[in-house]
>>> print(open('data-v1.tsv').read())   # TSV, C-alpha atoms and all ligand atoms
chain	number	residue	atom	x	y	z
A	1	SER	CA	4.34	10.07	43.94
A	2	ARG	CA	1.93	11.02	41.18
A	3	SER	CA	0.99	7.42	40.64
A	4	SER	CA	-0.96	7.33	43.88
A	5	THR	CA	-2.92	10.53	43.28
A	6	SER	CA	-6.63	10.45	42.77
A	7	VAL	CA	-7.86	11.36	39.29
A	8	ASN	CA	-10.01	14.26	40.37
A	9	HIS	CA	-10.48	15.74	36.93
A	10	ARG	CA	-12.39	12.62	36.02
A	11	LYS	CA	-15.21	13.46	38.31
A	12	LEU	CA	-16.94	15.60	35.74
A	13	VAL	CA	-20.64	15.33	36.05
A	14	ARG	CA	-22.98	15.05	33.10
A	15	ASN	CA	-26.71	14.60	33.61
A	16	GLY	CA	-26.03	14.05	37.25
A	17	GLU	CA	-23.91	11.01	36.51
A	18	GLU	CA	-20.22	10.53	36.85
A	19	LYS	CA	-18.53	9.96	33.52
A	20	LYS	CA	-17.05	6.53	33.26
A	21	SER	CA	-14.50	5.13	30.89
A	22	VAL	CA	-13.20	1.77	29.91
A	23	ILE	CA	-9.68	1.18	28.62
A	24	TRP	CA	-8.43	-2.07	27.14
A	25	ILE	CA	-4.74	-2.97	27.28
A	26	GLU	CA	-3.93	-5.02	24.19
A	27	GLY	CA	-0.73	-6.64	22.96
A	28	ASN	CA	1.05	-9.86	22.10
A	29	ILE	CA	1.70	-12.66	24.60
A	30	ALA	CA	4.28	-11.41	27.15
A	31	SER	CA	4.16	-7.85	25.78
A	32	GLY	CA	3.98	-6.47	29.32
A	33	LYS	CA	0.24	-5.96	29.79
A	34	THR	CA	0.35	-7.11	33.41
A	35	THR	CA	3.11	-4.62	34.29
A	36	CYS	CA	1.09	-1.83	32.69
A	37	LEU	CA	-2.01	-2.78	34.67
A	38	GLU	CA	-0.05	-3.08	37.89
A	39	TYR	CA	1.36	0.38	37.34
A	40	PHE	CA	-2.06	1.97	36.89
A	41	SER	CA	-3.63	-0.03	39.69
A	42	LYS	CA	-1.70	2.25	42.09
A	43	THR	CA	-3.90	5.15	41.01
A	44	SER	CA	-7.04	5.48	43.07
A	45	ASP	CA	-10.34	5.64	41.14
A	46	ILE	CA	-9.10	3.01	38.70
A	47	GLU	CA	-10.42	-0.50	38.71
A	48	VAL	CA	-8.03	-2.94	37.10
A	49	LEU	CA	-9.27	-6.25	35.70
A	50	THR	CA	-6.56	-8.71	34.75
A	51	GLU	CA	-7.02	-11.48	32.19
A	52	PRO	CA	-8.71	-14.51	33.75
A	53	VAL	CA	-5.75	-16.71	32.76
A	54	SER	CA	-5.81	-18.60	36.07
A	55	LYS	CA	-9.32	-19.82	35.15
A	56	TRP	CA	-8.09	-20.93	31.70
A	57	ARG	CA	-5.46	-23.04	33.48
A	58	ASN	CA	-7.95	-24.49	35.95
A	59	VAL	CA	-11.63	-24.94	35.23
A	60	GLN	CA	-13.03	-27.51	37.65
A	61	GLY	CA	-9.62	-29.17	37.78
A	62	CYS	CA	-9.05	-29.18	33.99
A	63	ASN	CA	-6.47	-27.09	32.11
A	64	PRO	CA	-7.86	-25.99	28.72
A	65	LEU	CA	-4.88	-23.64	28.11
A	66	GLY	CA	-2.41	-26.48	28.50
A	67	LEU	CA	-4.56	-28.82	26.41
A	68	MET	CA	-4.83	-26.22	23.63
A	69	TYR	CA	-1.04	-25.84	23.37
A	70	GLN	CA	-0.61	-29.63	23.37
A	71	ASP	CA	-3.22	-30.26	20.65
A	72	PRO	CA	-4.73	-27.08	19.19
A	73	SER	CA	-6.94	-28.87	16.63
A	74	ARG	CA	-8.65	-30.88	19.35
A	75	TRP	CA	-8.80	-28.32	22.17
A	76	GLY	CA	-8.77	-24.90	20.46
A	77	LEU	CA	-12.57	-24.65	20.53
A	78	THR	CA	-12.69	-25.74	24.15
A	79	LEU	CA	-10.25	-23.07	25.30
A	80	GLN	CA	-11.69	-20.30	23.14
A	81	THR	CA	-15.27	-21.02	24.19
A	82	TYR	CA	-14.17	-20.65	27.79
A	83	VAL	CA	-12.09	-17.54	27.02
A	84	GLN	CA	-15.16	-16.00	25.37
A	85	LEU	CA	-17.30	-16.74	28.46
A	86	THR	CA	-14.75	-15.43	30.97
A	87	MET	CA	-14.07	-12.27	28.95
A	88	LEU	CA	-17.78	-11.57	28.56
A	89	ASP	CA	-18.19	-12.01	32.29
A	90	ARG	CA	-15.56	-9.29	32.83
A	91	HIS	CA	-17.08	-6.92	30.27
A	92	VAL	CA	-20.53	-6.98	31.87
A	93	LEU	CA	-19.35	-6.65	35.48
A	94	PRO	CA	-20.86	-3.43	36.94
A	95	MET	CA	-18.17	-0.75	37.20
A	96	ALA	CA	-16.87	-0.19	40.70
A	97	SER	CA	-14.79	2.92	39.80
A	98	PRO	CA	-15.00	5.81	37.30
A	99	ILE	CA	-12.23	4.23	35.23
A	100	ARG	CA	-11.83	0.59	34.31
A	101	MET	CA	-8.69	-0.84	32.80
A	102	MET	CA	-8.87	-4.36	31.38
A	103	GLU	CA	-6.33	-6.83	30.09
A	104	ARG	CA	-7.38	-7.75	26.56
A	105	SER	CA	-11.00	-8.18	25.47
A	106	ILE	CA	-13.54	-10.47	23.88
A	107	TYR	CA	-12.62	-8.72	20.60
A	108	SER	CA	-8.96	-9.69	20.61
A	109	ALA	CA	-9.88	-13.19	21.76
A	110	LYS	CA	-11.86	-13.56	18.53
A	111	TYR	CA	-9.99	-11.35	16.07
A	112	ILE	CA	-6.52	-12.47	17.12
A	113	PHE	CA	-6.50	-15.85	18.85
A	114	VAL	CA	-9.47	-17.63	17.25
A	115	GLU	CA	-8.52	-16.13	13.88
A	116	ASN	CA	-4.97	-17.40	14.31
A	117	LEU	CA	-6.06	-20.94	15.13
A	118	TYR	CA	-8.34	-21.00	12.10
A	119	LYS	CA	-5.97	-19.34	9.64
A	120	SER	CA	-3.09	-21.62	10.58
A	121	GLY	CA	-5.25	-24.66	9.82
A	122	LYS	CA	-5.43	-25.74	13.48
A	123	MET	CA	-9.14	-25.07	13.97
A	124	PRO	CA	-11.73	-27.01	11.94
A	125	GLU	CA	-14.12	-24.86	9.92
A	126	VAL	CA	-17.13	-26.03	11.94
A	127	ASP	CA	-15.49	-24.97	15.25
A	128	PHE	CA	-14.66	-21.58	13.78
A	129	ALA	CA	-18.22	-21.17	12.48
A	130	VAL	CA	-19.79	-21.97	15.85
A	131	LEU	CA	-17.45	-19.62	17.74
A	132	SER	CA	-18.07	-16.90	15.15
A	133	GLU	CA	-21.85	-17.17	15.50
A	134	TRP	CA	-21.54	-16.98	19.28
A	135	PHE	CA	-19.27	-13.94	19.02
A	136	GLU	CA	-21.52	-12.11	16.53
A	137	TRP	CA	-24.55	-12.77	18.71
A	138	ILE	CA	-22.77	-11.44	21.78
A	139	ILE	CA	-21.55	-8.17	20.25
A	140	LYS	CA	-24.93	-7.54	18.67
A	141	ASN	CA	-26.99	-8.16	21.80
A	142	ILE	CA	-24.78	-7.23	24.73
A	143	ALA	CA	-23.27	-3.79	25.32
A	144	ILE	CA	-19.48	-4.01	25.56
A	145	PRO	CA	-18.26	-0.51	26.34
A	146	VAL	CA	-14.77	0.71	25.41
A	147	ASP	CA	-13.33	4.23	25.12
A	148	LEU	CA	-9.67	3.63	24.38
A	149	ILE	CA	-7.48	0.76	23.28
A	150	VAL	CA	-3.88	0.97	24.47
A	151	TYR	CA	-1.76	-1.18	22.17
A	152	LEU	CA	1.57	-2.27	23.64
A	153	GLN	CA	3.52	-2.64	20.43
A	154	THR	CA	6.43	-5.06	20.62
A	155	SER	CA	8.66	-6.96	18.25
A	156	PRO	CA	7.92	-10.70	18.20
A	157	GLN	CA	11.55	-11.34	19.20
A	158	THR	CA	11.16	-9.36	22.43
A	159	CYS	CA	7.99	-11.24	23.38
A	160	TYR	CA	9.67	-14.54	22.59
A	161	GLU	CA	12.57	-13.71	24.92
A	162	ARG	CA	10.23	-12.58	27.72
A	163	LEU	CA	8.14	-15.70	27.26
A	164	ASN	CA	11.20	-17.91	27.70
A	165	GLN	CA	12.31	-15.96	30.74
A	166	ARG	CA	9.00	-16.27	32.56
A	167	CYS	CA	8.78	-20.01	31.86
A	168	ARG	CA	5.03	-20.63	32.22
A	169	GLU	CA	4.72	-24.41	31.94
A	170	GLU	CA	1.96	-24.49	29.27
A	171	GLU	CA	3.80	-21.98	27.06
A	172	LYS	CA	7.08	-23.91	26.72
A	173	VAL	CA	5.93	-25.32	23.37
A	174	ILE	CA	5.28	-21.90	21.77
A	175	PRO	CA	7.60	-21.29	18.78
A	176	LEU	CA	8.66	-17.84	17.54
A	177	GLU	CA	6.40	-18.28	14.48
A	178	TYR	CA	3.34	-18.40	16.75
A	179	ILE	CA	4.30	-15.09	18.35
A	180	GLU	CA	4.91	-13.66	14.84
A	181	SER	CA	1.42	-14.68	13.67
A	182	ILE	CA	-0.20	-13.08	16.72
A	183	HIS	CA	1.90	-9.95	16.09
A	184	ASN	CA	0.82	-9.71	12.45
A	185	LEU	CA	-2.85	-10.12	13.35
A	186	TYR	CA	-2.57	-7.36	15.97
A	187	GLU	CA	-0.82	-5.04	13.50
A	188	ASP	CA	-3.41	-5.66	10.77
A	189	TRP	CA	-6.22	-4.99	13.25
A	190	LEU	CA	-4.99	-2.03	15.30
A	191	ILE	CA	-2.35	-0.34	13.10
A	192	HIS	CA	-3.23	-0.98	9.46
A	193	HIS	CA	-7.01	-1.27	10.00
A	194	LYS	CA	-6.91	-4.04	7.40
A	195	SER	CA	-8.95	-6.76	9.04
A	196	PHE	CA	-11.73	-6.12	11.56
A	197	GLU	CA	-13.72	-3.33	13.16
A	198	VAL	CA	-11.70	-1.36	15.74
A	199	PRO	CA	-14.25	-0.41	18.43
A	200	ALA	CA	-12.37	2.61	19.94
A	201	PRO	CA	-9.44	4.96	19.25
A	202	VAL	CA	-6.02	3.32	19.59
A	203	LEU	CA	-3.07	4.67	21.54
A	204	VAL	CA	0.15	2.92	20.54
A	205	ILE	CA	2.90	2.60	23.15
A	206	PRO	CA	6.23	1.11	22.00
A	207	ALA	CA	6.84	-1.71	24.45
A	208	ASP	CA	10.20	-3.29	23.63
A	209	HIS	CA	11.96	-1.20	26.28
A	210	ASP	CA	13.17	-2.24	29.70
A	211	LEU	CA	10.97	-1.86	32.76
A	212	LYS	CA	12.31	1.55	33.79
A	213	LYS	CA	11.67	3.09	30.37
A	214	MET	CA	8.23	1.45	30.18
A	215	LEU	CA	7.19	2.92	33.53
A	216	HIS	CA	8.44	6.32	32.35
A	217	GLN	CA	6.30	6.02	29.20
A	218	TYR	CA	3.22	5.10	31.25
A	219	GLU	CA	3.78	8.19	33.37
A	220	GLU	CA	4.16	10.33	30.21
A	221	ASN	CA	0.95	8.92	28.74
A	222	ARG	CA	-1.02	8.96	31.99
A	223	GLU	CA	-3.26	11.91	31.12
A	224	LYS	CA	-3.92	10.76	27.57
A	225	ILE	CA	-4.95	7.32	28.80
A	226	LEU	CA	-7.05	8.40	31.75
A	227	MET	CA	-8.87	11.16	29.89
A	228	ALA	CA	-10.64	8.73	27.56
A	229	HIS	CA	-14.34	9.51	27.94
A	230	CYS	CA	-17.53	7.60	27.38
B	301	LIG	N1	-4.42	-16.95	25.13
B	301	LIG	C1	-5.08	-17.71	24.18
B	301	LIG	N2	-6.25	-17.28	23.64
B	301	LIG	C2	-6.78	-16.11	24.01
B	301	LIG	C3	-6.12	-15.30	24.96
B	301	LIG	C4	-4.92	-15.76	25.51
B	301	LIG	O1	-4.58	-18.79	23.81
B	301	LIG	N3	-7.92	-15.73	23.47
B	301	LIG	C5	-3.19	-17.46	25.79
B	301	LIG	C6	-1.91	-16.80	25.38
B	301	LIG	C7	-1.03	-16.99	26.60
B	301	LIG	C8	-2.02	-17.02	27.76
B	301	LIG	O2	-3.30	-17.25	27.18
B	301	LIG	O3	-0.39	-18.24	26.54
B	301	LIG	C9	-2.06	-15.76	28.59
B	301	LIG	O4	-2.07	-14.62	27.77
B	301	LIG	P1	-0.92	-13.53	27.87
B	301	LIG	O5	0.42	-14.16	27.78
B	301	LIG	O6	-1.21	-12.48	26.93
B	301	LIG	O7	-1.14	-12.95	29.35
B	301	LIG	P2	-0.02	-12.42	30.22
B	301	LIG	O8	-0.63	-12.00	31.52
B	301	LIG	O9	1.06	-13.42	30.34
B	301	LIG	O10	0.44	-11.13	29.36
B	301	LIG	P3	1.64	-10.15	29.65
B	301	LIG	O11	2.88	-10.97	29.67
B	301	LIG	O12	1.59	-9.17	28.50
B	301	LIG	O13	1.35	-9.51	30.95
>>> encode(input="data-v1.tsv", output="structure tokens")
Amino acid sequence: SRSSTSVNHRKLVRNGEEKKSVIWIEGNIASGKTTCLEYFSKTSDIEVLTEPVSKWRNVQGCNPLGLMYQDPSRWGLTLQTYVQLTMLDRHVLPMASPIRMMERSIYSAKYIFVENLYKSGKMPEVDFAVLSEWFEWIIKNIAIPVDLIVYLQTSPQTCYERLNQRCREEEKVIPLEYIESIHNLYEDWLIHHKSFEVPAPVLVIPADHDLKKMLHQYEENREKILMAHC
């Protein structure tokens, strides 16, 4: 099948170097990012980096993700500091293939999740200020390449249903309103360009559909996604 073919057209050479590109897959909780990454991981020449969520659930035996959902005011900073570290670690990893596809980014961690905690009154101003200074320092001093943002656009209702179906222990407390807030922040950032800097062009893929239709859409958009150049 086409999904296992090598992306030969990528091997264009400029100044003796292979062109490389970085694609971020963005979207609400349970929007289907993992399925998208799994689909493209079958293509050779693509390196797929999933979100380090297993680390957020277990750092030296502690579970900052679970703690954050239990008591966001107390543990929001703890989780988001660790998210920022683990995302940065992914961004600076030397590229092993001409194309890298990543689940989310240090940008959405800050612009969506930290912003949401702060705006909903669950993160104290001082925690938000410290995280913000860290984030600003990082993006000013460390190169974080990105060529394309693929936004899996869902309705909050769909994500809520998928979330309940997958039944991740920590996430059982998430209400629909939380998913709606994350949705609105994503829309303001990537669709309406109303909030923060968007560091690359955005390709929107409607993602409320069933698995079969989603895989079909990924196939249809394959060239557009993989042709993103540095
Ligand atoms: N999370 C968070 N703060 C961040 C990033 C993520 O609180 N900065 C939380 C939201 C989820 C969990 O981490 O509870 C994992 O994120 P996703 O649900 O987006 O990851 P999945 O792999 O489950 O996404 P998908 O279902 O789209 O594949």
>>> atom_distance(input="data-v1.tsv", atom1="atom CA of A:Ser31", atom2="atom CA of A:Thr158")
7.9 Å
>>> closest_residue(input="data-v1.tsv", among="A:Lys212, A:Lys19, A:Arg74, A:Arg104", to="A:Thr34", atoms="only C-alpha atoms")
A:Arg104
>>> residues_near_ligand(input="data-v1.tsv", ligand="ligand LIG 301 (chain B)", cutoff="7 Å", atoms="all atoms listed in the file", output="PyMOL selection string")
chain A and resi 27-35+51+53+65+80+83+108-110+113-114+171
>>> residues_around(input="data-v1.tsv", residues="A:Asp147", least_positions_apart="4", cutoff="6 Å", atoms="all atoms listed in the file", output="number ranges by chain")
A: 21-23, 200, 228, 230
>>> residues_around(input="data-v1.tsv", residues="A:Val173", least_positions_apart="4", cutoff="10 Å", atoms="all atoms listed in the file", output="number ranges by chain")
A: 66, 69-70, 169, 178
>>> decode(input="data-v1.tsv", residues="stretch 29-61 of chain A", atoms="N, CA, C and O atoms", output="CSV table (one decimal), in the first residue's frame")
chain,number,residue,atom,x,y,z
A,29,ILE,N,-7.9,17.2,23.6
A,29,ILE,CA,-7.7,15.9,24.2
A,29,ILE,C,-8.6,14.9,23.5
A,29,ILE,O,-9.8,15.1,23.3
A,30,ALA,N,-8.1,13.7,23.2
A,30,ALA,CA,-8.8,12.6,22.5
A,30,ALA,C,-9.3,13.0,21.1
A,30,ALA,O,-10.3,12.5,20.7
A,31,SER,N,-8.6,13.9,20.5
A,31,SER,CA,-9.0,14.3,19.1
A,31,SER,C,-8.6,13.3,18.0
A,31,SER,O,-9.0,13.4,16.9
A,32,GLY,N,-7.7,12.4,18.4
A,32,GLY,CA,-7.2,11.4,17.5
A,32,GLY,C,-5.8,11.6,17.0
A,32,GLY,O,-5.4,11.1,16.0
A,33,LYS,N,-5.0,12.3,17.8
A,33,LYS,CA,-3.6,12.6,17.4
A,33,LYS,C,-2.8,11.3,17.3
A,33,LYS,O,-2.1,11.1,16.3
A,34,THR,N,-3.0,10.4,18.2
A,34,THR,CA,-2.2,9.2,18.2
A,34,THR,C,-2.5,8.3,17.0
A,34,THR,O,-1.6,7.8,16.4
A,35,THR,N,-3.8,8.3,16.6
A,35,THR,CA,-4.2,7.5,15.4
A,35,THR,C,-3.5,8.1,14.2
A,35,THR,O,-3.0,7.4,13.3
A,36,CYS,N,-3.5,9.4,14.1
A,36,CYS,CA,-2.8,10.1,13.0
A,36,CYS,C,-1.3,9.8,12.9
A,36,CYS,O,-0.8,9.4,11.9
A,37,LEU,N,-0.7,9.8,14.1
A,37,LEU,CA,0.7,9.5,14.1
A,37,LEU,C,1.0,8.1,13.8
A,37,LEU,O,2.0,7.8,13.1
A,38,GLU,N,0.2,7.2,14.3
A,38,GLU,CA,0.4,5.8,14.0
A,38,GLU,C,0.2,5.5,12.5
A,38,GLU,O,1.0,4.8,11.9
A,39,TYR,N,-0.7,6.2,11.9
A,39,TYR,CA,-0.9,6.1,10.4
A,39,TYR,C,0.4,6.5,9.7
A,39,TYR,O,0.8,5.8,8.8
A,40,PHE,N,0.9,7.6,10.0
A,40,PHE,CA,2.1,8.1,9.3
A,40,PHE,C,3.4,7.4,9.7
A,40,PHE,O,4.4,7.4,8.9
A,41,SER,N,3.4,6.8,10.8
A,41,SER,CA,4.6,6.0,11.2
A,41,SER,C,4.9,4.9,10.3
A,41,SER,O,6.0,4.3,10.3
A,42,LYS,N,3.8,4.5,9.5
A,42,LYS,CA,4.0,3.3,8.6
A,42,LYS,C,4.8,3.8,7.3
A,42,LYS,O,5.2,2.9,6.6
A,43,THR,N,5.0,5.1,7.2
A,43,THR,CA,5.8,5.6,6.0
A,43,THR,C,7.2,5.6,6.4
A,43,THR,O,7.6,6.1,7.5
A,44,SER,N,8.1,5.0,5.6
A,44,SER,CA,9.5,5.1,5.9
A,44,SER,C,10.0,6.5,5.8
A,44,SER,O,9.4,7.3,5.1
A,45,ASP,N,11.1,6.9,6.3
A,45,ASP,CA,11.6,8.2,6.3
A,45,ASP,C,10.9,9.2,7.2
A,45,ASP,O,11.2,10.4,7.2
A,46,ILE,N,10.0,8.7,8.0
A,46,ILE,CA,9.3,9.6,8.9
A,46,ILE,C,9.6,9.1,10.3
A,46,ILE,O,9.4,7.9,10.7
A,47,GLU,N,10.0,10.1,11.2
A,47,GLU,CA,10.2,9.8,12.6
A,47,GLU,C,9.0,10.3,13.3
A,47,GLU,O,8.7,11.5,13.2
A,48,VAL,N,8.4,9.5,14.1
A,48,VAL,CA,7.2,9.9,14.8
A,48,VAL,C,7.5,10.0,16.3
A,48,VAL,O,8.0,9.0,16.9
A,49,LEU,N,7.2,11.1,16.9
A,49,LEU,CA,7.4,11.3,18.3
A,49,LEU,C,6.1,11.5,19.0
A,49,LEU,O,5.4,12.5,18.8
A,50,THR,N,5.7,10.6,19.8
A,50,THR,CA,4.4,10.7,20.5
A,50,THR,C,4.6,11.6,21.8
A,50,THR,O,5.7,11.8,22.3
A,51,GLU,N,3.5,12.1,22.3
A,51,GLU,CA,3.5,12.9,23.5
A,51,GLU,C,4.1,12.1,24.7
A,51,GLU,O,3.7,10.9,24.8
A,52,PRO,N,4.9,12.7,25.5
A,52,PRO,CA,5.5,11.9,26.6
A,52,PRO,C,4.5,11.7,27.8
A,52,PRO,O,4.9,11.8,28.9
A,53,VAL,N,3.3,11.3,27.5
A,53,VAL,CA,2.2,11.2,28.5
A,53,VAL,C,2.6,10.2,29.6
A,53,VAL,O,2.2,10.4,30.7
A,54,SER,N,3.3,9.1,29.2
A,54,SER,CA,3.6,8.1,30.2
A,54,SER,C,4.5,8.7,31.2
A,54,SER,O,4.4,8.3,32.4
A,55,LYS,N,5.4,9.6,30.8
A,55,LYS,CA,6.3,10.3,31.8
A,55,LYS,C,5.4,11.1,32.8
A,55,LYS,O,5.7,11.2,34.0
A,56,TRP,N,4.4,11.8,32.2
A,56,TRP,CA,3.6,12.7,33.0
A,56,TRP,C,2.8,11.9,34.1
A,56,TRP,O,2.3,12.4,35.1
A,57,ARG,N,2.6,10.6,33.8
A,57,ARG,CA,1.8,9.7,34.7
A,57,ARG,C,2.8,9.0,35.7
A,57,ARG,O,2.3,8.5,36.7
A,58,ASN,N,4.1,9.1,35.4
A,58,ASN,CA,5.0,8.4,36.2
A,58,ASN,C,6.4,9.1,36.2
A,58,ASN,O,7.2,8.7,35.3
A,59,VAL,N,6.7,10.0,37.1
A,59,VAL,CA,8.0,10.6,37.2
A,59,VAL,C,8.6,10.1,38.5
A,59,VAL,O,8.0,10.6,39.6
A,60,GLN,N,9.5,9.3,38.5
A,60,GLN,CA,10.1,8.7,39.7
A,60,GLN,C,9.0,8.2,40.7
A,60,GLN,O,9.1,8.5,41.9
A,61,GLY,N,8.0,7.5,40.1
A,61,GLY,CA,7.0,6.9,40.9
A,61,GLY,C,5.8,7.9,41.3
A,61,GLY,O,4.9,7.5,41.9
